[in-house]
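Containing compact mmCIF, C-alpha atoms: work.txt.
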# COMPACT_ATOMS: atom_id res chain seq x y z
CA MET H 1 -89.16 12.50 45.12
CA THR H 2 -88.97 15.68 47.11
CA ARG H 3 -89.61 15.99 50.83
CA GLU H 4 -93.02 17.59 50.22
CA GLU H 5 -94.04 14.91 47.72
CA PHE H 6 -92.99 12.25 50.20
CA LYS H 7 -94.99 13.90 52.99
CA SER H 8 -98.12 14.07 50.88
CA ALA H 9 -97.85 10.65 49.18
CA ILE H 10 -96.12 8.32 51.65
CA VAL H 11 -96.50 9.61 55.21
CA PRO H 12 -100.34 9.23 55.19
CA LEU H 13 -99.79 5.53 54.50
CA GLN H 14 -98.28 5.04 57.94
CA GLN H 15 -101.72 4.31 59.43
CA PRO H 16 -102.44 1.28 57.20
CA PHE H 17 -98.90 0.06 57.86
CA TYR H 18 -99.49 0.46 61.60
CA ARG H 19 -102.84 -1.36 61.50
CA LEU H 20 -101.35 -4.34 59.68
CA ALA H 21 -98.36 -4.41 62.01
CA ARG H 22 -100.67 -4.14 65.02
CA TRP H 23 -102.70 -7.05 63.78
CA LEU H 24 -99.67 -9.21 63.07
CA MET H 25 -97.62 -8.28 66.13
CA ASN H 26 -100.47 -7.91 68.64
CA ASN H 27 -98.45 -5.19 70.31
CA ASP H 28 -98.89 -1.42 69.95
CA GLU H 29 -95.26 -0.50 70.56
CA ASP H 30 -93.87 -3.05 68.10
CA ALA H 31 -96.45 -1.97 65.54
CA GLU H 32 -95.48 1.69 65.96
CA ASP H 33 -91.78 0.83 65.61
CA ILE H 34 -92.40 -1.24 62.51
CA SER H 35 -94.61 1.35 60.81
CA GLN H 36 -91.98 4.02 61.47
CA GLU H 37 -89.29 1.69 60.14
CA ILE H 38 -91.26 1.22 56.92
CA ILE H 39 -91.61 4.98 56.47
CA LEU H 40 -87.88 5.35 57.07
CA ARG H 41 -87.06 2.63 54.54
CA LEU H 42 -89.35 4.24 51.98
CA TRP H 43 -87.64 7.59 52.63
CA LYS H 44 -84.24 6.03 52.00
CA MET H 45 -85.46 4.63 48.70
CA ARG H 46 -87.56 7.68 47.74
CA ASP H 47 -85.78 8.02 44.39
CA ARG H 48 -86.95 4.52 43.37
CA VAL H 49 -90.48 4.68 44.85
CA SER H 50 -91.97 5.84 41.55
CA ASP H 51 -90.85 2.53 40.01
CA TYR H 52 -93.64 0.75 41.91
CA ASN H 53 -97.21 0.77 40.59
CA ASN H 54 -98.86 0.66 44.00
CA ILE H 55 -96.85 2.17 46.86
CA LYS H 56 -99.45 1.24 49.46
CA ALA H 57 -99.37 -2.44 48.51
CA PHE H 58 -95.58 -2.35 48.38
CA GLY H 59 -95.42 -0.77 51.84
CA LEU H 60 -97.91 -3.27 53.24
CA LYS H 61 -95.82 -6.09 51.82
CA MET H 62 -92.73 -4.58 53.46
CA THR H 63 -94.69 -4.28 56.72
CA ARG H 64 -95.81 -7.90 56.55
CA ASN H 65 -92.29 -9.12 55.87
CA LEU H 66 -90.76 -7.02 58.64
CA CYS H 67 -93.38 -8.25 61.10
CA LEU H 68 -92.74 -11.85 60.14
CA ASP H 69 -89.02 -11.29 60.63
CA HIS H 70 -89.67 -9.87 64.10
CA LEU H 71 -91.98 -12.74 64.96
CA LYS H 72 -89.38 -15.27 63.87
CA LYS H 73 -86.82 -13.58 66.09
CA LYS H 74 -89.19 -13.79 69.04
CA SER H 75 -89.94 -17.44 68.20
CA ARG H 76 -93.65 -16.95 68.23
CA ASN H 77 -95.70 -19.68 66.64
CA SER H 78 -99.00 -17.93 66.07
CA VAL H 79 -100.37 -14.55 65.09
CA GLU H 80 -103.39 -13.16 66.95
CA PHE H 81 -106.08 -10.93 65.58
CA GLN H 82 -107.06 -7.80 67.56
CA ALA H 83 -109.80 -5.31 66.83
CA SER H 84 -111.27 -2.35 68.61
CA HIS H 85 -115.02 -2.43 68.95
CA ASP H 86 -116.50 0.08 71.39
CA ASN H 87 -118.68 2.62 69.61
CA GLY H 88 -119.90 4.32 72.80
CA HIS H 89 -123.56 4.48 71.75
CA SER H 90 -125.02 1.26 73.10
CA THR H 91 -126.18 0.04 76.47
CA ASP H 92 -123.93 -1.96 78.76
CA GLU H 93 -125.86 -5.13 78.01
CA SER H 94 -125.67 -4.73 74.25
CA ARG H 95 -122.00 -3.78 74.50
CA MET H 96 -121.30 -6.93 76.48
CA GLU H 97 -123.21 -9.01 73.95
CA ALA H 98 -121.34 -7.37 71.06
CA SER H 99 -118.08 -7.94 72.91
CA ASP H 100 -118.93 -11.61 73.37
CA HIS H 101 -119.70 -11.96 69.66
CA LEU H 102 -116.53 -10.13 68.71
CA ASN H 103 -114.44 -12.33 71.01
CA LEU H 104 -116.01 -15.42 69.46
CA VAL H 105 -115.26 -14.19 65.94
CA LYS H 106 -111.67 -13.32 66.95
CA GLN H 107 -111.25 -16.78 68.44
CA LEU H 108 -112.62 -18.39 65.29
CA ILE H 109 -110.37 -16.28 63.08
CA ARG H 110 -107.34 -17.37 65.12
CA GLN H 111 -108.21 -20.97 64.23
CA LEU H 112 -107.98 -20.27 60.50
CA PRO H 113 -104.75 -20.85 58.59
CA GLU H 114 -102.44 -17.83 58.58
CA SER H 115 -102.99 -17.09 54.89
CA GLN H 116 -106.75 -16.92 55.45
CA GLN H 117 -106.27 -14.67 58.48
CA LEU H 118 -104.09 -12.31 56.47
CA VAL H 119 -106.48 -12.12 53.53
CA LEU H 120 -109.45 -11.47 55.85
CA GLN H 121 -107.51 -8.68 57.58
CA LEU H 122 -106.41 -7.01 54.37
CA ARG H 123 -109.85 -7.21 52.76
CA GLY H 124 -112.08 -6.59 55.79
CA VAL H 125 -110.08 -4.12 57.84
CA GLU H 126 -107.68 -2.51 55.39
CA GLU H 127 -110.29 -2.64 52.60
CA LEU H 128 -107.72 -3.44 49.94
CA GLU H 129 -108.70 -4.57 46.46
CA ILE H 130 -108.07 -8.17 45.39
CA ASP H 131 -105.09 -7.17 43.22
CA GLU H 132 -103.50 -5.27 46.11
CA ILE H 133 -104.00 -8.23 48.46
CA ALA H 134 -102.44 -10.51 45.87
CA GLU H 135 -99.38 -8.30 45.74
CA VAL H 136 -99.06 -8.06 49.53
CA ALA H 137 -99.67 -11.77 50.17
CA ASP H 138 -97.62 -13.10 47.22
CA MET H 139 -100.65 -14.77 45.66
CA THR H 140 -102.46 -14.58 42.37
CA PRO H 141 -105.74 -12.65 42.34
CA ASN H 142 -107.64 -15.89 41.73
CA ASN H 143 -105.89 -17.51 44.67
CA VAL H 144 -106.82 -14.53 46.88
CA ARG H 145 -110.47 -14.93 45.88
CA VAL H 146 -110.38 -18.64 46.69
CA VAL H 147 -108.64 -18.11 50.04
CA LEU H 148 -111.04 -15.30 50.96
CA SER H 149 -114.07 -17.37 50.00
CA ARG H 150 -112.87 -20.38 51.97
CA ALA H 151 -112.04 -18.25 54.98
CA ARG H 152 -115.46 -16.62 54.99
CA LYS H 153 -117.21 -19.96 54.50
CA LYS H 154 -115.24 -21.61 57.29
CA LEU H 155 -115.80 -18.65 59.60
CA LYS H 156 -119.54 -18.70 58.89
CA GLU H 157 -119.76 -22.47 59.50
CA GLN H 158 -117.86 -22.24 62.76
CA TYR H 159 -119.89 -19.23 63.93
CA GLU H 160 -123.16 -21.01 63.20
CA LYS H 161 -121.98 -24.01 65.26
CA TYR H 162 -121.57 -21.75 68.29
CA GLN H 163 -124.96 -20.12 67.77

Is it possible to express this structure as structure tokens?
Amino acid sequence: MTREEFKSAIVPLQQPFYRLARWLMNNDEDAEDISQEIILRLWKMRDRVSDYNNIKAFGLKMTRNLCLDHLKKKSRNSVEFQASHDNGHSTDESRMEASDHLNLVKQLIRQLPESQQLVLQLRGVEELEIDEIAEVADMTPNNVRVVLSRARKKLKEQYEKYQ
């Protein structure tokens, strides 16, 4: 793979890598470092990149694994979900209400098992297909569907309890 091919095919994938790392690490600087590290690793293996069917899924899997390695080193026990939510078009009151709802959903997501959190993130935020999620999360596509369904059901039940 030439430099230009790499720039056009791989470098644009840094944003999804960053978003996943940001979600897993809950830290902008660590996420930036990890996403850059993934790009660097892909550059070093650029001659073998074409061997993979889905480079994005492969890179996300690398990102996930690198984040988990960093988290293990820091001896963290849990992963927190973060999302940005200010659209700038609503009133202060409606923004506060939306913020309260978002905080509740984030809190409820944090209570889910890690596999359910990951699948929700990859499907809802990264908008990956089931097969791509399966590859990233080391699951079968059917298992991803089951985990996603259970996570959504549990999230809905818990949200309704608070309403």

Note to self: Which residues are close to region 4-7 of chain H, i.e. within 12 Å by all atoms listed in the file, leaving aside same-chain residues fewer than 5 positions away? Reply as an NGL selection string.
What the structure shows: :H and (12-14 or 39-40 or 42-50 or 55)

List every protein, DNA or RNA residue that has an atom no more than 9 Å from (-95.9, -8.3, 58.5) in the file's coordinate frame, counting all atoms listed in the file, and report them as a short mmCIF file (atom, residue, chain, number, x, y, z; two decimals) with C-alpha atoms, in the coordinates of the input.
data_model
loop_
_atom_site.label_atom_id
_atom_site.label_comp_id
_atom_site.auth_asym_id
_atom_site.auth_seq_id
_atom_site.Cartn_x
_atom_site.Cartn_y
_atom_site.Cartn_z
CA PHE H 17 -98.90 0.06 57.86
CA LEU H 20 -101.35 -4.34 59.68
CA ALA H 21 -98.36 -4.41 62.01
CA TRP H 23 -102.70 -7.05 63.78
CA LEU H 24 -99.67 -9.21 63.07
CA MET H 25 -97.62 -8.28 66.13
CA ILE H 34 -92.40 -1.24 62.51
CA LEU H 60 -97.91 -3.27 53.24
CA LYS H 61 -95.82 -6.09 51.82
CA MET H 62 -92.73 -4.58 53.46
CA THR H 63 -94.69 -4.28 56.72
CA ARG H 64 -95.81 -7.90 56.55
CA ASN H 65 -92.29 -9.12 55.87
CA LEU H 66 -90.76 -7.02 58.64
CA CYS H 67 -93.38 -8.25 61.10
CA LEU H 68 -92.74 -11.85 60.14
CA ASP H 69 -89.02 -11.29 60.63
CA HIS H 70 -89.67 -9.87 64.10
CA LEU H 71 -91.98 -12.74 64.96
#

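If you measure from each of H:Glu114, H:Asp28, H:Glu135, H:Glu160 to Ala57 (chain H) using only C-alpha atoms, the closest one turns out to be H:Glu135.
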
Notebook entry, point to check: So how far away is CA of Ile130 (chain H) from CA of Asn142 (chain H), in Å?
Noted result: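 Distance between the two atoms: 8.6 Å.
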
Margin query: Between CA of Ile109 (chain H) and CA of Leu155 (chain H), what distance in Å does the model show, to one decimal?
Written below: 6.9 Å

Notebook entry, point to check: What is the distance between CA of Arg123 (chain H) and CA of Met139 (chain H), in Å to one decimal?
Noted result: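 That distance, rounded to one decimal, is 13.9 Å.
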
Next item on the list: Point out the residue among H:Val11, H:Lys72, H:Leu122, H:Glu32 with the least atom-to-atom distance to Ala134 (chain H), counting all atoms listed in the file.
Entry: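 Using all atoms listed in the file, the shortest distance to Ala134 (chain H) belongs to H:Leu122.
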
Notebook entry, point to check: Could you pull the residues within 12 Å of Lys161 (chain H), counting all atoms listed in the file, minus those fewer than 6 positions along the same chain, as a ChimeraX atom specification?
Noted result: /H:104-105,108,154-155

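Of the residues under consideration (H:Glu126, H:Asp138, H:Asp100, H:Asp131), H:Glu126 shows the shortest atom-to-atom contact distance to Arg19 (chain H) when counting all atoms listed in the file.
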
Checklist line | Which residue of H:Gly124, H:Asn27, H:Val119, H:Ser149 approaches Val136 (chain H) most closely, using all atoms listed in the file | finding: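 Looking only at the distances to Val136 (chain H), the closest residue turns out to be H:Val119.
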